[in-house]
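Q: target04.cif is reproduced below (mmCIF, C-alpha atoms and all ligand atoms).
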```cif
data_input
loop_
_atom_site.label_atom_id
_atom_site.label_comp_id
_atom_site.auth_asym_id
_atom_site.auth_seq_id
_atom_site.Cartn_x
_atom_site.Cartn_y
_atom_site.Cartn_z
CA MET A 289 165.71 133.59 68.39
CA ILE A 290 165.32 131.85 71.74
CA ASP A 291 168.04 132.56 74.32
CA ARG A 292 169.14 129.10 75.32
CA LYS A 293 172.16 130.30 77.25
CA ARG A 294 171.48 132.36 80.31
CA GLY A 295 168.43 131.05 82.11
CA PHE A 296 167.34 130.10 85.61
CA TYR A 297 164.44 128.19 87.06
CA ASP A 298 164.75 130.06 90.35
CA GLU A 299 167.39 132.74 89.92
CA ALA A 300 167.21 134.04 93.50
CA GLN A 301 167.90 130.60 94.89
CA GLU A 302 170.45 129.50 92.31
CA THR A 303 172.57 132.64 92.68
CA MET A 304 172.22 133.19 96.42
CA PRO A 305 175.37 134.46 98.19
CA PRO A 306 177.52 131.71 99.78
CA ALA A 307 176.71 132.74 103.37
CA GLU A 308 173.00 132.59 102.65
CA ARG A 309 173.43 129.22 100.96
CA ALA A 310 175.29 127.87 104.00
CA LYS A 311 172.50 129.09 106.28
CA SER A 312 169.80 127.51 104.13
CA GLN A 313 171.77 124.24 104.02
CA ARG A 314 172.06 124.21 107.82
CA GLU A 315 168.32 124.66 108.24
CA MET A 316 167.61 121.99 105.62
CA LEU A 317 169.99 119.64 107.40
CA ARG A 318 168.42 120.04 110.83
CA ASP A 319 164.86 119.66 109.50
CA THR A 320 165.75 116.59 107.44
CA VAL A 321 167.60 114.75 110.19
CA LEU A 322 164.78 115.43 112.65
CA HIS A 323 162.06 114.41 110.17
CA ALA A 324 163.90 111.18 109.27
CA TYR A 325 164.57 110.38 112.92
CA GLU A 326 160.93 110.83 113.84
CA HIS A 327 159.33 109.12 110.84
CA ALA A 328 161.79 106.68 109.21
CA PRO A 329 162.45 103.78 111.65
CA ALA A 330 165.63 102.58 109.87
CA THR A 331 167.21 106.03 110.12
CA ARG A 332 166.20 106.32 113.78
CA LYS A 333 167.83 102.94 114.46
CA LYS A 334 170.97 103.89 112.54
CA MET A 335 171.33 107.08 114.58
CA ASP A 336 170.51 105.39 117.90
CA ASP A 337 173.09 102.68 117.20
CA ALA A 338 175.68 105.40 116.54
CA GLY A 339 174.62 107.29 119.67
CA VAL A 340 173.62 110.38 117.69
CA ARG A 341 170.54 112.45 118.59
CA PRO A 342 168.96 114.80 116.00
CA GLY A 343 170.10 117.75 118.14
CA ASP A 344 173.73 116.63 117.73
CA VAL A 345 173.59 117.43 114.01
CA ARG A 346 173.81 121.23 113.80
CA GLU A 347 176.27 121.73 110.91
CA VAL A 348 176.91 119.85 107.67
CA ALA A 349 180.24 118.78 109.22
CA ASP A 350 178.29 116.98 111.98
CA LEU A 351 176.84 114.55 109.42
CA ARG A 352 180.00 112.44 109.66
CA LYS A 353 178.80 111.23 113.08
CA ILE A 354 176.12 109.23 111.27
CA PRO A 355 177.13 106.10 109.31
CA VAL A 356 176.25 105.95 105.61
CA THR A 357 173.52 103.76 104.14
CA ARG A 358 174.83 102.05 100.99
CA LYS A 359 172.80 101.92 97.81
CA ALA A 360 174.44 98.52 97.21
CA ASP A 361 172.74 97.24 100.41
CA LEU A 362 169.30 98.62 99.57
CA LYS A 363 168.00 95.32 98.23
CA HIS A 364 168.76 93.58 101.55
CA ILE A 365 167.57 96.50 103.65
CA GLN A 366 164.24 96.45 101.80
CA LYS A 367 163.92 92.65 102.04
CA GLY A 368 164.47 92.87 105.80
CA ASP A 369 161.56 95.26 106.29
CA PRO A 370 159.43 95.42 103.13
CA PRO A 371 158.76 97.36 101.06
CA PHE A 372 161.08 100.29 101.87
CA GLY A 373 163.32 98.91 104.62
CA GLY A 374 162.10 101.49 107.12
CA LEU A 375 163.62 104.35 105.11
CA ALA A 376 160.35 105.92 103.93
CA ALA A 377 158.57 108.39 106.22
CA VAL A 378 155.04 107.67 104.97
CA PRO A 379 153.11 104.45 104.21
CA PRO A 380 152.89 103.28 100.56
CA ARG A 381 149.27 104.51 100.23
CA ALA A 382 150.47 108.07 100.84
CA MET A 383 152.83 107.90 97.85
CA ARG A 384 152.00 109.03 94.33
CA ARG A 385 153.82 106.18 92.60
CA ILE A 386 156.13 103.31 93.47
CA TYR A 387 158.79 102.38 90.93
CA VAL A 388 160.73 99.16 90.53
CA SER A 389 164.43 99.42 89.73
CA PRO A 390 166.67 96.49 88.77
CA GLY A 391 167.44 94.38 91.81
CA PRO A 392 164.54 94.65 92.35
CA THR A 393 164.48 97.63 94.64
CA PHE A 394 161.51 99.91 95.17
CA ASP A 395 161.66 103.68 94.76
CA PRO A 396 158.94 105.84 96.32
CA GLU A 397 157.63 109.02 94.72
CA GLY A 398 156.01 111.54 97.03
CA ARG A 399 152.91 113.59 96.34
CA ASP A 400 154.87 116.83 96.71
CA ALA A 401 154.91 119.09 93.64
CA THR A 402 158.36 118.12 92.43
CA HIS A 403 159.78 114.96 93.88
CA TRP A 404 162.77 114.55 91.57
CA ARG A 405 163.69 118.20 90.89
CA TRP A 406 164.60 118.03 87.18
CA GLU A 407 163.17 121.45 86.32
CA LYS A 408 166.43 123.30 87.03
CA PRO A 409 168.55 120.92 84.95
CA PHE A 410 166.25 121.41 81.95
CA ILE A 411 166.31 125.20 82.15
CA ALA A 412 170.09 125.22 82.72
CA ALA A 413 170.46 122.98 79.64
CA GLY A 414 168.58 125.54 77.53
CA PHE A 415 165.07 124.04 77.45
CA ARG A 416 162.37 126.70 77.37
CA GLU A 417 158.60 127.00 77.56
CA GLY A 418 157.14 126.00 74.19
CA ASP A 419 159.72 123.36 73.37
CA ILE A 420 158.40 120.08 71.98
CA VAL A 421 160.45 117.40 73.67
CA GLN A 422 161.00 113.77 72.75
CA ASN A 423 161.52 111.77 75.96
CA THR A 424 163.26 108.51 75.11
CA PHE A 425 163.52 107.15 78.65
CA MET A 426 161.55 104.09 79.72
CA TYR A 427 158.10 104.85 81.12
CA HIS A 428 157.37 101.64 82.99
CA PHE A 429 158.78 100.22 86.24
CA SER A 430 161.79 102.61 86.19
CA PRO A 431 161.16 106.24 87.22
CA ALA A 432 163.27 107.72 84.41
CA GLY A 433 160.50 108.38 81.87
CA LEU A 434 157.96 109.95 84.20
CA MET A 435 160.39 111.93 86.31
CA PHE A 436 161.69 113.83 83.29
CA ASP A 437 158.23 114.02 81.75
CA GLU A 438 156.69 115.80 84.73
CA ALA A 439 159.55 118.30 85.07
CA LEU A 440 159.14 119.18 81.37
CA LEU A 441 155.42 119.78 81.84
CA ARG A 442 156.12 122.05 84.81
CA ILE A 443 158.42 124.29 82.77
CA GLY A 444 155.85 124.57 80.00
CA CYS A 445 157.15 122.09 77.43
CA THR A 446 155.11 119.63 75.39
CA VAL A 447 156.25 116.04 75.81
CA ILE A 448 156.26 113.13 73.38
CA PRO A 449 156.51 110.01 75.58
CA ALA A 450 158.60 108.13 73.04
CA GLY A 451 160.32 105.58 75.29
CA VAL A 452 163.22 103.42 74.19
CA GLY A 453 163.87 101.79 70.81
CA ASN A 454 162.03 102.26 67.47
CA THR A 455 164.83 104.30 65.96
CA GLU A 456 163.17 104.90 62.60
CA LEU A 457 159.88 105.98 64.15
CA GLN A 458 161.81 108.24 66.55
CA ALA A 459 163.49 109.95 63.58
CA GLN A 460 160.20 110.30 61.70
CA VAL A 461 158.42 111.74 64.75
CA MET A 462 161.29 114.14 65.35
CA LYS A 463 160.65 115.56 61.89
CA GLU A 464 156.86 115.47 61.69
CA LEU A 465 156.25 116.98 65.13
CA THR A 466 159.08 119.53 64.71
CA VAL A 467 160.76 118.36 67.89
CA THR A 468 163.10 120.94 69.45
CA GLY A 469 164.29 119.06 72.56
CA TYR A 470 165.56 115.57 73.40
CA VAL A 471 166.02 113.78 76.69
CA GLY A 472 167.66 110.35 76.86
CA THR A 473 171.08 108.76 76.60
CA PRO A 474 173.71 110.43 74.39
CA SER A 475 174.35 107.27 72.38
CA PHE A 476 170.67 106.85 71.50
CA LEU A 477 170.52 110.49 70.38
CA MET A 478 173.37 109.83 67.96
CA THR A 479 171.65 106.64 66.76
CA ILE A 480 168.43 108.54 66.02
CA LEU A 481 170.25 111.39 64.27
CA GLU A 482 172.27 109.01 62.11
CA LYS A 483 169.05 107.23 61.14
CA ALA A 484 167.46 110.62 60.41
CA LYS A 485 170.37 111.54 58.16
CA GLU A 486 169.92 108.29 56.23
CA MET A 487 166.25 109.23 55.79
CA GLY A 488 167.24 112.63 54.38
CA ILE A 489 166.32 114.54 57.55
CA ALA A 490 168.98 117.13 58.36
CA PRO A 491 169.32 120.53 60.08
CA GLY A 492 167.42 123.06 57.96
CA ASP A 493 165.70 120.20 56.12
CA GLY A 494 163.26 118.55 58.53
CA LEU A 495 165.42 118.51 61.65
CA SER A 496 164.51 121.21 64.21
CA LEU A 497 166.29 119.75 67.22
CA GLN A 498 168.15 122.39 69.24
CA VAL A 499 168.71 121.15 72.80
CA ALA A 500 169.33 117.82 74.50
CA LEU A 501 169.64 116.78 78.12
CA VAL A 502 171.46 113.47 78.40
CA THR A 503 172.32 111.10 81.23
CA GLY A 504 172.71 107.43 82.03
CA GLU A 505 176.13 106.99 80.46
CA MET A 506 179.37 108.90 79.90
CA LEU A 507 179.22 111.76 77.40
CA PRO A 508 182.54 111.87 75.54
CA GLU A 509 183.45 115.43 74.52
CA THR A 510 184.03 114.18 70.97
CA LEU A 511 180.40 113.02 70.82
CA ARG A 512 179.16 116.32 72.25
CA ALA A 513 181.17 118.20 69.61
CA ARG A 514 179.83 116.04 66.78
CA LEU A 515 176.22 116.53 67.92
CA ARG A 516 176.82 120.28 67.96
CA ASP A 517 178.81 120.64 64.73
CA GLU A 518 177.07 118.08 62.57
CA PHE A 519 173.49 118.33 63.85
CA GLY A 520 173.34 121.75 65.55
CA VAL A 521 172.27 120.36 68.92
CA GLN A 522 173.34 121.91 72.23
CA VAL A 523 173.92 118.92 74.53
CA ARG A 524 174.14 119.20 78.31
CA GLN A 525 174.38 116.38 80.80
CA CYS A 526 172.92 115.70 84.20
CA TYR A 527 173.41 113.14 86.92
CA GLY A 528 170.98 111.52 89.28
CA THR A 529 169.64 108.25 90.61
CA ALA A 530 166.25 106.57 90.84
CA ASP A 531 166.44 106.85 94.63
CA VAL A 532 167.06 110.56 94.95
CA GLY A 533 166.41 112.27 91.59
CA SER A 534 168.62 115.13 90.38
CA LEU A 535 172.12 115.29 91.89
CA GLY A 536 173.92 117.47 89.35
CA TYR A 537 173.44 119.34 86.08
CA GLU A 538 175.50 121.31 83.61
CA CYS A 539 174.76 124.94 82.85
CA HIS A 540 175.52 126.54 79.47
CA GLU A 541 179.18 126.83 80.52
CA ALA A 542 179.37 123.01 80.75
CA ARG A 543 182.24 123.02 83.23
CA GLY A 544 181.02 120.40 85.64
CA MET A 545 177.60 119.71 87.10
CA HIS A 546 176.02 122.09 89.59
CA ILE A 547 174.78 120.45 92.77
CA PRO A 548 171.07 121.15 93.26
CA ASP A 549 170.20 123.69 95.96
CA GLU A 550 167.62 121.40 97.54
CA ILE A 551 169.89 118.56 98.63
CA LEU A 552 172.96 118.08 100.82
CA LEU A 553 175.83 116.38 99.06
CA GLU A 554 179.13 115.21 100.54
CA LEU A 555 182.11 113.54 98.89
CA VAL A 556 183.56 111.00 101.28
CA ASP A 557 186.27 108.41 101.56
CA PRO A 558 184.37 105.17 100.80
CA ALA A 559 186.18 103.29 103.59
CA THR A 560 185.83 105.74 106.48
CA GLY A 561 182.85 107.93 105.55
CA GLU A 562 185.02 111.00 106.27
CA PRO A 563 184.79 113.94 103.83
CA VAL A 564 187.67 114.13 101.33
CA SER A 565 189.71 117.29 100.73
CA PRO A 566 188.74 119.56 97.80
CA GLY A 567 189.94 118.22 94.45
CA ALA A 568 190.18 114.63 95.69
CA ILE A 569 188.07 111.74 94.45
CA GLY A 570 185.29 110.75 96.83
CA GLU A 571 182.01 108.87 96.91
CA VAL A 572 178.82 110.88 96.40
CA VAL A 573 176.78 110.74 99.62
CA VAL A 574 173.37 112.41 99.68
CA THR A 575 171.12 113.66 102.43
CA LEU A 576 167.70 114.17 100.90
CA PRO A 577 165.19 116.60 102.39
CA SER A 578 162.00 114.84 101.32
CA PRO A 579 158.75 114.50 103.29
CA THR A 580 158.30 111.03 101.75
CA TYR A 581 161.80 109.60 101.56
CA PRO A 582 164.12 111.59 103.83
CA LEU A 583 167.42 109.79 103.31
CA VAL A 584 170.28 110.64 105.65
CA ARG A 585 173.75 109.92 104.24
CA PHE A 586 172.80 107.72 101.32
CA ALA A 587 176.00 106.50 99.61
CA THR A 588 175.41 106.22 95.87
CA GLY A 589 178.54 104.23 94.97
CA ASP A 590 179.47 106.90 92.38
CA LEU A 591 182.87 108.57 92.57
CA SER A 592 183.36 112.22 91.69
CA ILE A 593 185.49 115.32 92.30
CA LEU A 594 184.07 118.53 93.78
CA SER A 595 184.88 122.11 92.82
CA GLY A 596 183.81 125.13 94.83
CA ASP A 597 185.26 127.63 92.33
CA PRO A 598 182.75 130.21 91.10
CA CYS A 599 181.05 129.36 87.80
CA PRO A 600 180.77 132.14 85.18
CA CYS A 601 177.06 131.33 84.77
CA GLY A 602 176.31 133.04 88.10
CA ARG A 603 175.11 129.99 89.99
CA THR A 604 176.82 129.82 93.36
CA SER A 605 176.44 126.09 93.98
CA PRO A 606 179.53 123.88 93.92
CA ARG A 607 180.00 121.53 90.97
CA LEU A 608 180.80 117.87 90.48
CA LEU A 609 183.64 118.07 87.97
CA LYS A 610 182.88 114.67 86.51
CA LEU A 611 181.89 111.19 87.47
CA VAL A 612 184.99 109.06 87.55
CA GLY A 613 183.57 105.61 88.14
CA ARG A 614 182.12 103.35 90.79
CA VAL A 615 183.33 102.56 94.26
CA ASP A 616 183.65 98.88 93.42
CA GLN A 617 186.44 99.70 90.89
CA VAL A 618 188.61 101.18 93.61
CA THR A 619 191.70 99.44 94.98
CA LYS A 620 193.29 100.30 98.31
CA VAL A 621 197.08 100.50 98.36
CA LYS A 622 198.97 101.30 101.58
CA GLY A 623 195.70 102.63 102.95
CA MET A 624 195.11 105.00 100.01
CA PHE A 625 192.49 104.60 97.33
CA VAL A 626 193.71 104.12 93.80
CA HIS A 627 191.24 104.43 90.98
CA PRO A 628 191.52 103.64 87.23
CA GLU A 629 190.88 107.34 86.55
CA GLN A 630 194.12 108.23 88.34
CA VAL A 631 196.07 105.87 86.10
CA ALA A 632 194.54 107.63 83.10
CA GLN A 633 195.45 111.00 84.67
CA LEU A 634 199.09 109.94 84.92
CA ALA A 635 199.19 108.90 81.28
CA GLY A 636 197.65 112.24 80.34
CA LYS A 637 200.00 114.37 82.46
CA VAL A 638 203.40 112.98 81.49
CA ALA A 639 204.34 113.47 77.84
CA GLY A 640 205.62 110.35 76.12
CA ILE A 641 203.37 107.79 77.83
CA ALA A 642 201.28 105.72 75.42
CA SER A 643 199.60 103.74 78.19
CA ALA A 644 200.01 103.03 81.89
CA GLN A 645 198.96 100.27 84.20
CA PHE A 646 199.38 99.88 87.98
CA VAL A 647 200.15 96.43 89.33
CA VAL A 648 199.70 96.01 93.07
CA THR A 649 201.58 93.23 94.86
CA ARG A 650 202.48 92.47 98.44
CA ALA A 651 205.99 91.90 99.81
CA GLY A 652 205.77 90.68 103.38
CA HIS A 653 203.35 93.07 105.07
CA GLU A 654 203.85 95.87 102.60
CA ASP A 655 201.90 96.81 99.51
CA ARG A 656 203.96 97.59 96.44
CA MET A 657 202.78 99.43 93.38
CA GLU A 658 204.53 98.93 90.09
CA MET A 659 203.71 101.31 87.28
CA ARG A 660 204.07 99.54 83.95
CA ILE A 661 204.56 102.15 81.30
CA VAL A 662 204.38 101.74 77.54
CA LEU A 663 206.11 104.68 75.87
CA SER A 664 204.92 106.40 72.73
CA GLU A 665 206.77 105.61 69.53
CA GLY A 666 210.11 107.39 69.32
CA VAL A 667 210.34 108.04 73.09
CA SER A 668 213.23 106.28 74.85
CA PRO A 669 213.23 105.30 78.50
CA SER A 670 215.42 107.44 80.75
CA ASP A 671 216.03 108.03 84.44
CA ALA A 672 214.70 111.56 84.09
CA LEU A 673 211.45 110.28 82.62
CA LYS A 674 211.21 107.64 85.31
CA ALA A 675 211.65 110.30 88.00
CA ARG A 676 208.99 112.49 86.40
CA ILE A 677 206.53 109.57 86.33
CA ILE A 678 207.18 108.72 89.99
CA GLU A 679 206.76 112.34 91.05
CA THR A 680 203.55 112.85 89.02
CA ALA A 681 202.06 109.60 90.30
CA ARG A 682 202.82 110.72 93.83
CA GLU A 683 200.98 114.00 93.24
CA ILE A 684 197.97 112.13 91.90
CA THR A 685 197.78 109.16 94.25
CA ARG A 686 199.94 110.28 97.20
CA LEU A 687 201.75 106.94 96.80
CA ARG A 688 205.27 106.08 95.77
CA GLY A 689 205.48 103.44 93.08
CA GLU A 690 208.23 101.89 91.00
CA VAL A 691 208.40 102.32 87.26
CA ARG A 692 208.93 99.55 84.76
CA PHE A 693 209.04 100.38 81.08
CA ILE A 694 207.50 97.63 79.00
CA SER A 695 206.57 97.13 75.37
CA ALA A 696 202.91 96.98 74.38
CA LYS A 697 203.33 93.24 73.75
CA GLU A 698 204.45 92.56 77.31
CA ALA A 699 201.32 94.06 78.93
CA GLU A 700 199.16 91.54 80.80
CA GLU A 701 195.42 92.20 80.62
CA PRO A 702 196.03 95.52 78.81
CA GLU A 703 192.35 96.51 79.15
CA LYS A 704 192.78 96.81 82.93
CA LYS A 705 194.22 100.00 84.41
CA ILE A 706 194.87 98.36 87.78
CA ILE A 707 195.81 94.74 88.42
CA ASP A 708 195.66 93.60 92.02
CA GLN A 709 197.90 90.54 92.50
CA ARG A 710 197.80 90.49 96.29
CA LYS A 711 196.74 87.27 97.94
CA TRP A 712 194.95 87.58 101.24
CA ASP A 713 194.62 83.94 102.38
ZN ZN A 801 177.44 127.23 85.87
#
```
Could I get this file's structure written as structure tokens?
Ligand SMILES: [Zn+2]
A:
Amino acid sequence: MIDRKRGFYDEAQETMPPAERAKSQREMLRDTVLHAYEHAPATRKKMDDAGVRPGDVREVADLRKIPVTRKADLKHIQKGDPPFGGLAAVPPRAMRRIYVSPGPTFDPEGRDATHWRWEKPFIAAGFREGDIVQNTFMYHFSPAGLMFDEALLRIGCTVIPAGVGNTELQAQVMKELTVTGYVGTPSFLMTILEKAKEMGIAPGDGLSLQVALVTGEMLPETLRARLRDEFGVQVRQCYGTADVGSLGYECHEARGMHIPDEILLELVDPATGEPVSPGAIGEVVVTLPSPTYPLVRFATGDLSILSGDPCPCGRTSPRLLKLVGRVDQVTKVKGMFVHPEQVAQLAGKVAGIASAQFVVTRAGHEDRMEMRIVLSEGVSPSDALKARIIETAREITRLRGEVRFISAKEAEEPEKKIIDQRKWD
């Protein structure tokens, strides 16, 4: 029986004591900022414009002196100075591959041994040497297929470059090649397994699948449970982007995604670039120590929550608790960010709420936030309940709103968690 629980790709690094980790991060930071300043003209310009010299960045906290570079602007940055907008540290001929992401934007891959760093996520997810793995990510233009493929080879797995689509063939191959691992989206895994079931392929009867690493979309816990209970598959998720590779991965505990040891990750207020306090929602900003593509404060547009609490798996890296959405879904009320996830949190925290919606309006020069609450059947509106909702919302958003109880029929645009009715002209 293979132990798919406890396992490390580099145990000494992954479990290093916090002080040692902080020291290694400081060194990584100084080297990366200096390398980018010397070899990536766009980063040099960004730092010069901000009046920051590489020597000014000694601690991770010093990073805030440097403005962020937004992923959303990458297309324009690249157009302005093709092909990489002055962000790459080597010419294209020194790269191993160049990928094309939707936009289009170009993503460089260096010739270094592991450019995307997916080996740790696979081991943490329970993949082991000898696994036969079906890789259902796209192999052309986008880096997804090859970046997972190469990490699997490096940890000693055998890869079937299956790509997207062809559900029936995927199910047949899974059986005939006794596939034990899957990498792809969670929904496509379920599609293949349902097709397999139809074809009479089931656990113990042609289905040997044991582990899956999924990404690219949300993994609902109900889906994870079904894949485990019905098909016997241990599913773990990871997070990353085509620009920077691995940014987080679950261990066997599956309590948030560990931040890789080889990158510097901050969670910042999307408006100011300042780090947010622990437990608060912030945008994922990455500083990437790469000889080829040394990004300094690259803002991904993804929102998450950080936890520094120790993980029972033994890894000492902090974890991203979950991805809660994109920066462009955020609304600013009285100077504070409000996110659809917070509305969902309110509905989850106060018993008796069937659904909640925030409506933001403006009275004179002041923002107002009305919380429209639909109560569960059998729950009657009361002042006590109203007070509890106001207090809980204040804990979550740090804002004071007014409560209006409405019936489900009265809700406008019920699919929206936040409606912004302010007019700015
Ligand atoms: Zn862990």
Q: Can you find the residues with an atom no farther than 12 Å from (174.6, 130.0, 100.9), counting all atoms listed in the file, and report them as a list in words?
A: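 The residues that fall inside the cut-off are Ala300, Gln301, Glu302, Thr303, Met304, Pro305, Pro306, Ala307, Glu308, Arg309, Ala310, Lys311, Ser312, Gln313, Arg314, Glu315, Met316, Asp549, Glu550, Arg603, Thr604, Ser605 and Pro606 of chain A.
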Q: Using all atoms listed in the file, determine which residues lie at most 9 Å from stretch 685-691 of chain A, disregarding the query and same-chain residues fewer than 5 positions distant; provide the list as a PyMOL selection string.
A: chain A and resi 621-622+624-627+630-631+646+656-661+674-675+677-680
Q: Kindly give the distance, in Å, that separates atom CA of A:Thr393 and atom CA of A:Leu362, rounded to a single decimal.
A: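 Here the two named atoms are 7.0 Å from each other.
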Q: Quick one: of A:His428, A:His540, A:Arg682, A:Lys705, who's nearest to ligand ZN 801 (chain A), counting all atoms listed in the file?
A: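 Smallest separation from ligand ZN 801 (chain A) among the options: A:His540.
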Q: A:Pro396, A:Ala338, A:Pro600, A:Lys704: which is nearest A:Val356, counting all atoms listed in the file?
A: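 The shortest atom-to-atom distance to A:Val356 comes from A:Ala338.
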Q: Which residue, A:Ile551, A:Val532, A:Val574, A:Leu609, has the smallest gap to ligand ZN 801 (chain A) when you use all atoms listed in the file?
A: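 Of the candidates, the smallest distance to ligand ZN 801 (chain A) is held by A:Leu609.
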Q: Quick one: residues within 9 Å of ligand ZN 801 (chain A), with all atoms listed in the file, as an mmCIF file with C-alpha atoms, keeping the file's coordinate frame?
A:
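Just written: pocket-v8.cif:
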```
data_model
loop_
_atom_site.group_PDB
_atom_site.id
_atom_site.type_symbol
_atom_site.label_atom_id
_atom_site.label_comp_id
_atom_site.auth_asym_id
_atom_site.auth_seq_id
_atom_site.Cartn_x
_atom_site.Cartn_y
_atom_site.Cartn_z
ATOM 1 C CA ALA A 412 170.090 125.220 82.720
ATOM 2 C CA TYR A 537 173.440 119.340 86.080
ATOM 3 C CA GLU A 538 175.500 121.310 83.610
ATOM 4 C CA CYS A 539 174.760 124.940 82.850
ATOM 5 C CA HIS A 540 175.520 126.540 79.470
ATOM 6 C CA GLU A 541 179.180 126.830 80.520
ATOM 7 C CA ALA A 542 179.370 123.010 80.750
ATOM 8 C CA ARG A 543 182.240 123.020 83.230
ATOM 9 C CA GLY A 544 181.020 120.400 85.640
ATOM 10 C CA MET A 545 177.600 119.710 87.100
ATOM 11 C CA HIS A 546 176.020 122.090 89.590
ATOM 12 C CA PRO A 598 182.750 130.210 91.100
ATOM 13 C CA CYS A 599 181.050 129.360 87.800
ATOM 14 C CA PRO A 600 180.770 132.140 85.180
ATOM 15 C CA CYS A 601 177.060 131.330 84.770
ATOM 16 C CA GLY A 602 176.310 133.040 88.100
ATOM 17 C CA ARG A 603 175.110 129.990 89.990
ATOM 18 C CA THR A 604 176.820 129.820 93.360
ATOM 19 C CA SER A 605 176.440 126.090 93.980
ATOM 20 C CA PRO A 606 179.530 123.880 93.920
ATOM 21 C CA ARG A 607 180.000 121.530 90.970
#
```
Q: Which residue is closest to A:Ile489? Choose from A:Leu375, A:Met462, A:Leu583, A:Met506 and count all atoms listed in the file.
A: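 Counting all atoms listed in the file, the residue closest to A:Ile489 is A:Met462.
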Q: Find the residue from A:Pro491, A:Val647, A:Asp597, A:Ser496 that sits nearest to A:Pro702; use only C-alpha atoms when measuring.
A: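 So, comparing all the options, the nearest one is A:Val647.
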Q: Between A:Ser592, A:Ser670, A:Ser430, A:Thr424, single out the one closest to A:Leu611, counting all atoms listed in the file.
A: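 For A:Leu611, the nearest of the candidates is A:Ser592.
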Q: Can you measure atom CA of A:Glu438 to atom CA of A:Phe519 for me? One decimal in Å is fine.
A: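 That distance, rounded to one decimal, is 26.9 Å.
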Q: Find the spatial neighbours of A:Thr446, counting all atoms listed in the file, within a cut-off of 7 Å - ignore same-chain residues fewer than 3 positions away - and output them as a list in words.
A: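 Those residues are Gly418, Asp419, Ile420, Val421 and Leu441 of chain A.
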Q: So how far away is atom CA of A:Pro563 from atom CA of A:Tyr581, in Å?
A: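 These atoms are spaced 23.5 Å apart.
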Q: Quick one: residues within 8 Å of stretch 469-473 of chain A, only C-alpha atoms counted, chain neighbours fewer than 2 positions away excluded, as a VMD selection string?
A: chain A and resid 415 419 to 425 436 467 475 to 477 497 to 505
Q: Only C-alpha atoms, please: the residues just picked out, written as a CSV table (one decimal), in the coordinates of the input.
A:
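After the write, part_12.csv holds the following:
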```
chain,number,residue,atom,x,y,z
A,415,PHE,CA,165.1,124.0,77.4
A,419,ASP,CA,159.7,123.4,73.4
A,420,ILE,CA,158.4,120.1,72.0
A,421,VAL,CA,160.4,117.4,73.7
A,422,GLN,CA,161.0,113.8,72.8
A,423,ASN,CA,161.5,111.8,76.0
A,424,THR,CA,163.3,108.5,75.1
A,425,PHE,CA,163.5,107.2,78.6
A,436,PHE,CA,161.7,113.8,83.3
A,467,VAL,CA,160.8,118.4,67.9
A,475,SER,CA,174.4,107.3,72.4
A,476,PHE,CA,170.7,106.8,71.5
A,477,LEU,CA,170.5,110.5,70.4
A,497,LEU,CA,166.3,119.8,67.2
A,498,GLN,CA,168.2,122.4,69.2
A,499,VAL,CA,168.7,121.2,72.8
A,500,ALA,CA,169.3,117.8,74.5
A,501,LEU,CA,169.6,116.8,78.1
A,502,VAL,CA,171.5,113.5,78.4
A,503,THR,CA,172.3,111.1,81.2
A,504,GLY,CA,172.7,107.4,82.0
A,505,GLU,CA,176.1,107.0,80.5
```
Q: Determine, counting all atoms listed in the file, which protein, DNA and RNA residues have an atom within 10 Å of an atom of A:Lys334; residues of the same chain fewer than 2 positions away are not included. Present the result as a PDB file with C-alpha atoms, in the coordinates of the input.
A:
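After the write, result-v7.pdb holds the following:
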```pdb
ATOM      1  CA  TYR A 325     164.570 110.380 112.920  1.00  0.00           C
ATOM      2  CA  PRO A 329     162.450 103.780 111.650  1.00  0.00           C
ATOM      3  CA  ALA A 330     165.630 102.580 109.870  1.00  0.00           C
ATOM      4  CA  THR A 331     167.210 106.030 110.120  1.00  0.00           C
ATOM      5  CA  ARG A 332     166.200 106.320 113.780  1.00  0.00           C
ATOM      6  CA  ASP A 336     170.510 105.390 117.900  1.00  0.00           C
ATOM      7  CA  ASP A 337     173.090 102.680 117.200  1.00  0.00           C
ATOM      8  CA  ALA A 338     175.680 105.400 116.540  1.00  0.00           C
ATOM      9  CA  GLY A 339     174.620 107.290 119.670  1.00  0.00           C
ATOM     10  CA  VAL A 340     173.620 110.380 117.690  1.00  0.00           C
ATOM     11  CA  ILE A 354     176.120 109.230 111.270  1.00  0.00           C
ATOM     12  CA  PRO A 355     177.130 106.100 109.310  1.00  0.00           C
ATOM     13  CA  VAL A 356     176.250 105.950 105.610  1.00  0.00           C
ATOM     14  CA  THR A 357     173.520 103.760 104.140  1.00  0.00           C
ATOM     15  CA  VAL A 584     170.280 110.640 105.650  1.00  0.00           C
TER      16      VAL A 584
END
```
Q: Can you list, as number ranges by chain, every protein, DNA or RNA residue that comes within 6 Å of A:Thr649 when you count all atoms listed in the file, leaving out same-chain residues fewer than 4 positions away?
A: A: 655-656, 709-710
